[in-house]
Structure formats: C-alpha cells, structure tokens
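Enquirer: Pasting in a structure now, in structure tokens, and then I'll have a few things to ask.
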Amino acid sequence: MLDDLARIGRDPATNGYVRDAWSAADLELRAWFQGEAGRRGLDTREDRNGNLWAWWGDPSRAPGVVTGSHLDSVRQGGAFDGPLGVVSAFAALDLLRERGVRPARPLGVACFTDEEGARFGVPCVGSRLLTGVLAPDRALGLTDDSGDTLADVLTRAGRRPGDLGKDDETLATVGTFVELHVEQGRGLAGTDSPVGVASAIWPHGRWRFDFRGRADHAGTTRLEDRDDPMLPFARMVLAAREAAGRHGVVATVGRARISPGNTNAVPGLVSAWLDARGAEEPAVRALVAELAEQAGVAAREESWTPVVDFDTRLRDRLAAVAGHALAGHAGAEGPPVPVLPTGAGHDAGILAAAGVPTAMLFVRNPTGVSHSPEEHADPADCQAGVTALASVLEDLCR
C-alpha cells in the first residue's frame with residue numbers, strides 16, 4: 001500500500017511530497033482510501049468536515065474503536081508522516097481477519113483532513129472542526145498562498161462549506177482512538193524496540209508577526225533613507241533561537257512572506273510565522289511574549305494546543321499489549337514497549353483534549369528526521385507496528 005501511495009503528490013526533483021488539503025493529490029489520496037475500504041467491505045463515510053471513516057460493524061449501535069491518521073503532507077515532506085498510520089490501520093484489519101477475529105465492538109479506520117495545515121496555516125483542521133475547537137466561520141475564511149479561501153476550495157471540490165462545524169453525531173461513534181505514527185524524533189533509535197507508546201504531546205502553537213516598512217527602489221534609495229522590514233525580521237529569527245535556548249523550548253521560523261517580493265526592491269511588508277513548543281506552557285508563552293516585545297510588533301496567535309497527557313491506564317494497557325505481541329512473535333512474553341513524550345502535534349491530541357479516550361503508537365525512525373524527504377522507517381519496523389496495532393485493536397474490541 002505504501003508503494004501504491006508513493007507516486008501521489010511526489011516531486012521528482014526532490015523526492016519530497018506536496019499533498020495540500022483538497023488539492024488534486026489530496027483528492028486522489030481520498031479516492032485511494034475509499035477504494036481500500038471498499039475492497040475490504042467496509043462502510044465508508046465522509047463527515048460534514050471532510051474526514052473519512054471506514055467501518056467494520058455499525059457504530060450507530062455502540063461507540064467503536066477507531067484507528068488511522070492522515071494522508072496530507074507538509075510541503076516537501078516524507079512518505080511516512082500520516083500515511084503509515086492509515087496503511088497500518090488497513091493492514092491491521094487484514095491481520096485480524098487472518099486470525100479469525102470477530103470484534104465485539106465496531107472497528108473503524110479514520111483519515112482526517114488537513115492535519116498538517118500546509119495550505120491554510122492551521123493544523124488539524126478536520127479534527128478541530130469535528131470537536132468544535134475551530135469555529136466554522138474562522139475556518140472558511142482561511143486563505144492559501146493564492147488568496148483562495150477554504151470556502152472557495154471546498155466549493156470547487158464539490159463540498160458544501162455551510163456544513164462545516166462541530167459534529168457530535170460522528171464524535172459519538174468514537175469510543176476509543178488509537179493513532180499509529182512514525183516517530184518524529186530519536187526516542188526509539190538505538191533501542192531494541194521498534195514500537196513505542198506516547199505519554200504526552202507538548203503544548204505548541206503558531207504565531208504570525210507582521211513587520212511593516214516602506215517599499216522602495218533597491219538601487220536608488222540610500223541606506224539611511226530606507227525603512228526595510230527585513231532587518232527587524234532577521235533580528236527576530238536570531239532572537240528566537242537564542243531565547244528558545246534560555247527558556248528550554250524549541251522555536252522555528254519556517255515560513256515567511258515578503259511583499260512585493262521583487263529582487264530589486266526594498267520590501268514593504270514581511271509576514272513571518274513562528275512555531276514554538278516545549279514541555280511547559282508558561283515557557284512557550286514567555287518566549288513568544290519576549291519576541292513580540294523585542295520586535296515591537298504583535299504576535300498574532302493562529303493556533304494553540306495545550307499539553308495533552310494521554311489516558312494513563314489506556315497508555316499502559318497499550319504498552320503491555322504491544323510488548324507481549326512483539327515478544328510473542330519471537331515465542332516469549334515480553335516487557336511493555338517504551339513510553340515517551342513527543343513535541344509533534346497530531347489529530348490524536350485534538351481528540352484526547354476533547355475527552356475521547358486516546359492513545360498513540362510510534363514506529364521507530366532510525367534517524368529521527370521528519371517533515372523531510374529523508375524521513376524513514378525500516379520495513380521490518382513497520383511490520384512490527386502492524387503486529388502491535390492489530391493486537392491492541394483486538395484487545396480493545398473484546
């Protein structure tokens with residue numbers, strides 16, 4: 001299945017993936033999901049916010065156990081972030097059927113829309129709308145680099161923008177959610193375990209800084225006469241790195257928009273986006289406040305996710321079941337798999353914050369590189385992830 005997906009949205013010049021929400025590549029991925037669900041005889045539905053659900057059993061009779069992830073990507077991203085969770089979900093269902101398992105609870109596979117936020121700037125749009133964290137009016141007004149709003153894009157994709165909003169009916173079908181994901185870090189690298197379990201997701205957010213100046217001619221405007229917004233922007237980038245070290249957090253300026261964007265012109269406006277994360281919310285907030293004060297501009301918050309501590313009993317249950325499954329494959333009972341925190345955001349975190357019992361499995365990433373074409377997971381580790389996920393789902397569906 002990963003091979004089937006490898007061609008969709010791939011940039012041949014970089015081998016990276018560009019799978020913006022509701023783009024042609026994304027629509028092809030959605031069709032692939034529906035095809036895989038159909039081949040397995042699953043009942044496939046698209047909810048009012050564009051999230052896809054494939055069910056083995058009827059979730060209207062009782063809340064089910066759901067697994068899955070997303071298929072969109074950051075721009076020039078890797079092949080595993082998101083798709084590994086969706087592919088592993090289908091593979092785990094196949095394995096359960098091979099074992100002759102008949103789940104006592106409905107079992108679902110989910111594909112959330114626009115998890116990365118690459119096109120409209122806000123991450124986890126599908127799960128945030130589903131749970132009511134993101135207001136429909138704000139979502140519909142989000143714009144992409146071409147100036148198209150989400151409302152425009154949905155209309156062209158044949159969806160009804162007015163349908164967006166909190167979906168209690170769909171949310172009620174999710175009794176438990178388990179997301180498998182490639183690890184985005186090196187917590188498992190160098191260990192004997194190909195699989196781990198998440199303990200928590202660090203608090204994280206995105207802020208926009210607008211530096212305003214005066215557009216002018218690059219050749220005829222004297223240096224002393226310039227009002228160049230690139231200078232305070234550059235100082236903010238350097239200050240973010242220095243302040244992050246002092247506050248014990250991580251901070252990244254990975255996106256900037258320069259207007260008018262001419263090589264031979266002094267810019268009139270630089271808009272920059274800061275991503276900041278850390279183990280403690282006060283430290284992240286202090287960093288952002290310090291940068292805004294130093295820069296003399298407002299830091300406009302575009303998204304914020306507080307710390308998510310996954311349900312301890314569910315987390316420990318997954319760690320034990322996964323450990324036994326992997327050791328049992330070698331003919332012996334084994335210890336629980338490692339439990340580790342993450343600084344990466346996920347739809348699982350949004351659902352957990354909304355009160356859904358939620359847990360995450362990580363598949364080992366030998367280099368820790370992610371959001372890059374260099375992202376990788378060994379095939380044997382991916383298969384171990386499927387084995388662990390299948391056993392977890394079987395256990396939760398008893």
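Going through the structure tokens in order, the chains are called A, B, and so on, while each chain numbers its residues from 1 and the ligands are numbered from 1 in the order shown.
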According to DSSP computed on the backbone, where in range 6-75 of chain A is there helix (DSSP H, G or I)? Give the residues as a list in words.
Expert: Ala24, Ala25, Asp26, Leu27, Glu28, Leu29, Arg30, Ala31, Trp32, Phe33, Gln34, Gly35, Glu36, Ala37, Gly38 and Arg39 of chain A
Enquirer: So which residues touch Ala276 in chain A within 6 Å, counting only C-alpha atoms, skipping near sequence neighbours fewer than 3 positions away, as a list in words?
Expert: His204, Gly205, Val250 and Ala251 of chain A
Enquirer: Counting only C-alpha atoms, what are the residues of range 255-357 of chain A within 9 Å of range 62-75 of chain A, and for each of them which pair of atoms is the nearest and at what distance in Å, to one decimal? Sort the table by chain and rising number, as JSON lines.
Expert:
{"residue": "A:His346", "atom": "CA", "partner": "A:Ser69", "partner_atom": "CA", "distance": 8.4}
{"residue": "A:Asp347", "atom": "CA", "partner": "A:Ser69", "partner_atom": "CA", "distance": 7.3}
{"residue": "A:Ala348", "atom": "CA", "partner": "A:Ser69", "partner_atom": "CA", "distance": 8.3}
Enquirer: For the selection you just gave me, I'd like the residues written to a file as a short mmCIF file (atom, residue, chain, number, x, y, z; two decimals), in the first residue's frame, keeping N, CA, C and O atoms.
Expert:
data_model
loop_
_atom_site.label_atom_id
_atom_site.label_comp_id
_atom_site.auth_asym_id
_atom_site.auth_seq_id
_atom_site.Cartn_x
_atom_site.Cartn_y
_atom_site.Cartn_z
N HIS A 346 -0.72 16.07 16.72
CA HIS A 346 -1.44 15.03 15.99
C HIS A 346 -2.94 15.19 16.20
O HIS A 346 -3.38 15.77 17.20
N ASP A 347 -3.73 14.62 15.29
CA ASP A 347 -5.18 14.58 15.49
C ASP A 347 -5.53 13.85 16.79
O ASP A 347 -6.52 14.19 17.44
N ALA A 348 -4.71 12.87 17.17
CA ALA A 348 -4.94 12.16 18.42
C ALA A 348 -4.97 13.12 19.60
O ALA A 348 -5.74 12.95 20.55
#
Enquirer: Taking only residues of range 98-172 of chain A that have an atom at most 12 Å from an atom of range 255-259 of chain A, what is each one's shortest atom pair and its distance in Å to one decimal, using only C-alpha atoms, in chain and number order, as a Markdown table?
Expert:
| residue | atom | partner | partner_atom | distance |
| --- | --- | --- | --- | --- |
| A:Ala118 | CA | A:Arg255 | CA | 10.4 |
| A:Arg119 | CA | A:Arg255 | CA | 11.9 |
| A:Gly121 | CA | A:Arg255 | CA | 10.0 |
| A:Asp144 | CA | A:Arg257 | CA | 12.0 |
| A:Asp145 | CA | A:Arg257 | CA | 9.3 |
Enquirer: Give the answer as one residue: which of A:Thr155, A:Ser372, A:Thr387, A:Thr113 has the shortest atom-to-atom distance to Val321 in chain A, using only C-alpha atoms?
Expert: A:Thr387
Enquirer: Determine, counting only C-alpha atoms, which protein, DNA and RNA residues have an atom within 9 Å of an atom of Phe211 in chain A; residues of the same chain fewer than 6 positions away are not included. Present the result as a count of residues only.
Expert: 12
Enquirer: Residues within 8 Å of Asp381 in chain A, please, as a PyMOL selection string. Count only C-alpha atoms; anything in the same chain fewer than 4 positions from it doesn't count.
Expert: chain A and resi 194-195+363-364+377+385
Enquirer: With all heavy atoms retained, write the just-selected residues as a compact mmCIF listing (two decimals), in the first residue's frame.
Expert:
# COMPACT_ATOMS: atom_id res chain seq x y z
N PRO A 194 11.08 -1.69 18.26
CA PRO A 194 10.67 -0.99 17.05
C PRO A 194 9.40 -0.15 17.25
O PRO A 194 9.02 0.61 16.36
CB PRO A 194 10.40 -2.11 16.06
CG PRO A 194 9.97 -3.25 16.93
CD PRO A 194 10.74 -3.12 18.21
N VAL A 195 8.76 -0.31 18.40
CA VAL A 195 7.47 0.35 18.65
C VAL A 195 7.50 0.98 20.04
O VAL A 195 8.09 0.42 20.98
CB VAL A 195 6.30 -0.65 18.55
CG1 VAL A 195 4.98 0.00 18.92
CG2 VAL A 195 6.22 -1.25 17.15
N VAL A 363 6.26 4.14 15.56
CA VAL A 363 7.15 3.20 14.90
C VAL A 363 8.53 3.85 14.79
O VAL A 363 8.64 5.02 14.40
CB VAL A 363 6.62 2.81 13.51
CG1 VAL A 363 7.67 2.00 12.73
CG2 VAL A 363 5.34 2.02 13.63
N ARG A 364 9.54 3.11 15.12
CA ARG A 364 10.92 3.63 15.20
C ARG A 364 11.36 4.31 13.91
O ARG A 364 11.13 3.83 12.81
CB ARG A 364 11.87 2.48 15.54
CG ARG A 364 13.33 2.87 15.70
CD ARG A 364 14.12 1.76 16.35
NE ARG A 364 13.93 0.47 15.68
CZ ARG A 364 14.30 -0.70 16.21
NH1 ARG A 364 14.86 -0.74 17.42
NH2 ARG A 364 14.11 -1.83 15.54
N ALA A 377 11.41 4.77 7.83
CA ALA A 377 11.17 3.70 8.79
C ALA A 377 11.46 2.39 8.07
O ALA A 377 11.10 2.22 6.91
CB ALA A 377 9.74 3.72 9.30
N GLY A 385 4.98 -2.64 13.73
CA GLY A 385 3.92 -1.71 14.11
C GLY A 385 2.55 -2.27 13.80
O GLY A 385 1.61 -2.13 14.59
Enquirer: Between A:Arg160, A:Arg235, A:Arg186, A:Arg206, single out the one closest to Thr367 in chain A, counting only C-alpha atoms.
Expert: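 Ranked by minimum distance to Thr367 in chain A, first place goes to A:Arg186.
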Enquirer: So that I can see what lies close to Gly323 in chain A, please list as number ranges by chain the residues with an atom at most 6 Å from it, counting only C-alpha atoms and leaving out residues fewer than 6 positions away in the same chain.
Expert: A: 334-337
Enquirer: Provide the CA of Val182 in chain A to CA of Ala31 in chain A distance in Å, to one decimal place.
Expert: 23.0 Å
Enquirer: Please report, as a PyMOL selection string, each residue of range 243-366 of chain A to which DSSP assigns strand (DSSP E or B) when run on this structure's backbone.
Expert: chain A and resi 250-259+265-266+269-277+299-305+308-309+339-342+358-363
Enquirer: Which residues are near Val253 in chain A? Cut-off 7 Å, only C-alpha atoms, ignore same chain within fewer than 5 positions. Put them as a list in words.
Expert: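 With the cut-off at 7 Å, the set is Val237, Ala272, Trp273, Leu274 and Asp275 of chain A.
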Enquirer: Which of these residues is nearest to Val125 in chain A, using only C-alpha atoms: A:His247, A:Lys166, A:Arg159, A:Arg212?
Expert: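 Of A:His247, A:Lys166, A:Arg159, A:Arg212, the one nearest Val125 in chain A, counting only C-alpha atoms, is A:Lys166.
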Enquirer: For the interface of range 104-176 of chain A with range 38-51 of chain A (cut-off 12 Å, counting only C-alpha atoms), please tabulate each contacting residue of range 104-176 of chain A alongside its nearest pair of atoms and their separation in Å to one decimal, rows sorted by chain and increasing number, as JSON lines.
Expert:
{"residue": "A:Pro106", "atom": "CA", "partner": "A:Leu42", "partner_atom": "CA", "distance": 10.9}
{"residue": "A:Leu107", "atom": "CA", "partner": "A:Leu42", "partner_atom": "CA", "distance": 9.7}
{"residue": "A:Gly108", "atom": "CA", "partner": "A:Leu42", "partner_atom": "CA", "distance": 8.7}
{"residue": "A:Val109", "atom": "CA", "partner": "A:Thr44", "partner_atom": "CA", "distance": 9.2}
{"residue": "A:Ala110", "atom": "CA", "partner": "A:Asn51", "partner_atom": "CA", "distance": 7.3}
{"residue": "A:Cys111", "atom": "CA", "partner": "A:Asn51", "partner_atom": "CA", "distance": 5.9}
{"residue": "A:Phe112", "atom": "CA", "partner": "A:Asn51", "partner_atom": "CA", "distance": 4.7}
{"residue": "A:Thr113", "atom": "CA", "partner": "A:Asn51", "partner_atom": "CA", "distance": 5.3}
{"residue": "A:Asp114", "atom": "CA", "partner": "A:Asn51", "partner_atom": "CA", "distance": 9.0}
{"residue": "A:Glu115", "atom": "CA", "partner": "A:Asn51", "partner_atom": "CA", "distance": 10.3}
{"residue": "A:Cys124", "atom": "CA", "partner": "A:Asn51", "partner_atom": "CA", "distance": 10.8}
{"residue": "A:Val125", "atom": "CA", "partner": "A:Asn49", "partner_atom": "CA", "distance": 8.6}
{"residue": "A:Gly126", "atom": "CA", "partner": "A:Asn49", "partner_atom": "CA", "distance": 5.9}
{"residue": "A:Ser127", "atom": "CA", "partner": "A:Asn51", "partner_atom": "CA", "distance": 7.8}
{"residue": "A:Arg128", "atom": "CA", "partner": "A:Asn49", "partner_atom": "CA", "distance": 9.5}
{"residue": "A:Leu129", "atom": "CA", "partner": "A:Asn49", "partner_atom": "CA", "distance": 6.6}
{"residue": "A:Leu130", "atom": "CA", "partner": "A:Asn49", "partner_atom": "CA", "distance": 6.6}
{"residue": "A:Thr131", "atom": "CA", "partner": "A:Asn49", "partner_atom": "CA", "distance": 10.3}
{"residue": "A:Gly132", "atom": "CA", "partner": "A:Asn49", "partner_atom": "CA", "distance": 10.8}
{"residue": "A:Leu134", "atom": "CA", "partner": "A:Asn49", "partner_atom": "CA", "distance": 11.1}
{"residue": "A:Ala135", "atom": "CA", "partner": "A:Asn49", "partner_atom": "CA", "distance": 11.6}
{"residue": "A:Pro136", "atom": "CA", "partner": "A:Asn49", "partner_atom": "CA", "distance": 9.5}
{"residue": "A:Ala139", "atom": "CA", "partner": "A:Asn49", "partner_atom": "CA", "distance": 10.5}
{"residue": "A:Leu140", "atom": "CA", "partner": "A:Asn49", "partner_atom": "CA", "distance": 11.1}
{"residue": "A:Leu150", "atom": "CA", "partner": "A:Asn49", "partner_atom": "CA", "distance": 11.5}
{"residue": "A:Ala151", "atom": "CA", "partner": "A:Asn49", "partner_atom": "CA", "distance": 11.7}
{"residue": "A:Leu154", "atom": "CA", "partner": "A:Gly50", "partner_atom": "CA", "distance": 9.3}
{"residue": "A:Ala157", "atom": "CA", "partner": "A:Gly50", "partner_atom": "CA", "distance": 10.6}
{"residue": "A:Gly158", "atom": "CA", "partner": "A:Gly50", "partner_atom": "CA", "distance": 11.0}
{"residue": "A:Arg159", "atom": "CA", "partner": "A:Gly50", "partner_atom": "CA", "distance": 8.3}
{"residue": "A:Arg160", "atom": "CA", "partner": "A:Arg48", "partner_atom": "CA", "distance": 8.4}
{"residue": "A:Pro161", "atom": "CA", "partner": "A:Asn49", "partner_atom": "CA", "distance": 8.7}
{"residue": "A:Gly162", "atom": "CA", "partner": "A:Arg48", "partner_atom": "CA", "distance": 9.1}
{"residue": "A:Asp163", "atom": "CA", "partner": "A:Arg48", "partner_atom": "CA", "distance": 5.5}
{"residue": "A:Leu164", "atom": "CA", "partner": "A:Asn49", "partner_atom": "CA", "distance": 5.2}
{"residue": "A:Gly165", "atom": "CA", "partner": "A:Asn49", "partner_atom": "CA", "distance": 6.8}
{"residue": "A:Lys166", "atom": "CA", "partner": "A:Asn49", "partner_atom": "CA", "distance": 8.4}
{"residue": "A:Asp167", "atom": "CA", "partner": "A:Arg48", "partner_atom": "CA", "distance": 7.3}
{"residue": "A:Asp168", "atom": "CA", "partner": "A:Arg48", "partner_atom": "CA", "distance": 10.7}
{"residue": "A:Glu169", "atom": "CA", "partner": "A:Asp47", "partner_atom": "CA", "distance": 9.5}
{"residue": "A:Thr170", "atom": "CA", "partner": "A:Asp47", "partner_atom": "CA", "distance": 7.1}
{"residue": "A:Leu171", "atom": "CA", "partner": "A:Asp47", "partner_atom": "CA", "distance": 10.0}
{"residue": "A:Thr173", "atom": "CA", "partner": "A:Asp47", "partner_atom": "CA", "distance": 11.7}
Enquirer: What's the separation between CA of Val288 in chain A and CA of Val369 in chain A, in Å to one decimal place?
Expert: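 Result for CA of Val288 in chain A versus CA of Val369 in chain A: 25.7 Å, one decimal.
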Enquirer: Go through A:Val392, A:Trp202, A:Asp309, A:Ala344 one by one, measure the shortest atom-to-atom distance of each to Ala279 in chain A using only C-alpha atoms, and give the residue with the smallest value.
Expert: A:Trp202
Enquirer: From the set A:Ala89, A:Ala265, A:Gly77, A:Trp22, which residue has the shortest atom-to-atom contact distance to Asp152 in chain A, counting only C-alpha atoms?
Expert: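 When distances to Asp152 in chain A are compared using only C-alpha atoms, the smallest one comes from A:Trp22.
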Enquirer: Give me, please, the distance in Å between CA of Thr263 in chain A and CA of Gln76 in chain A, quoted to one decimal.
Expert: 24.5 Å
Enquirer: For Ala25 in chain A, list every protein, DNA or RNA residue within 8 Å, evaluated using only C-alpha atoms, and leave out those in the same chain fewer than 6 positions away; present the list as a count of residues only.
Expert: 4
Enquirer: I need the residue nearest Ala319 in chain A from this list: A:Gln294, A:Asn262, A:Ser199, A:Thr221. Use only C-alpha atoms for the distance.
Expert: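 Under the stated criterion, the closest residue is A:Ser199.
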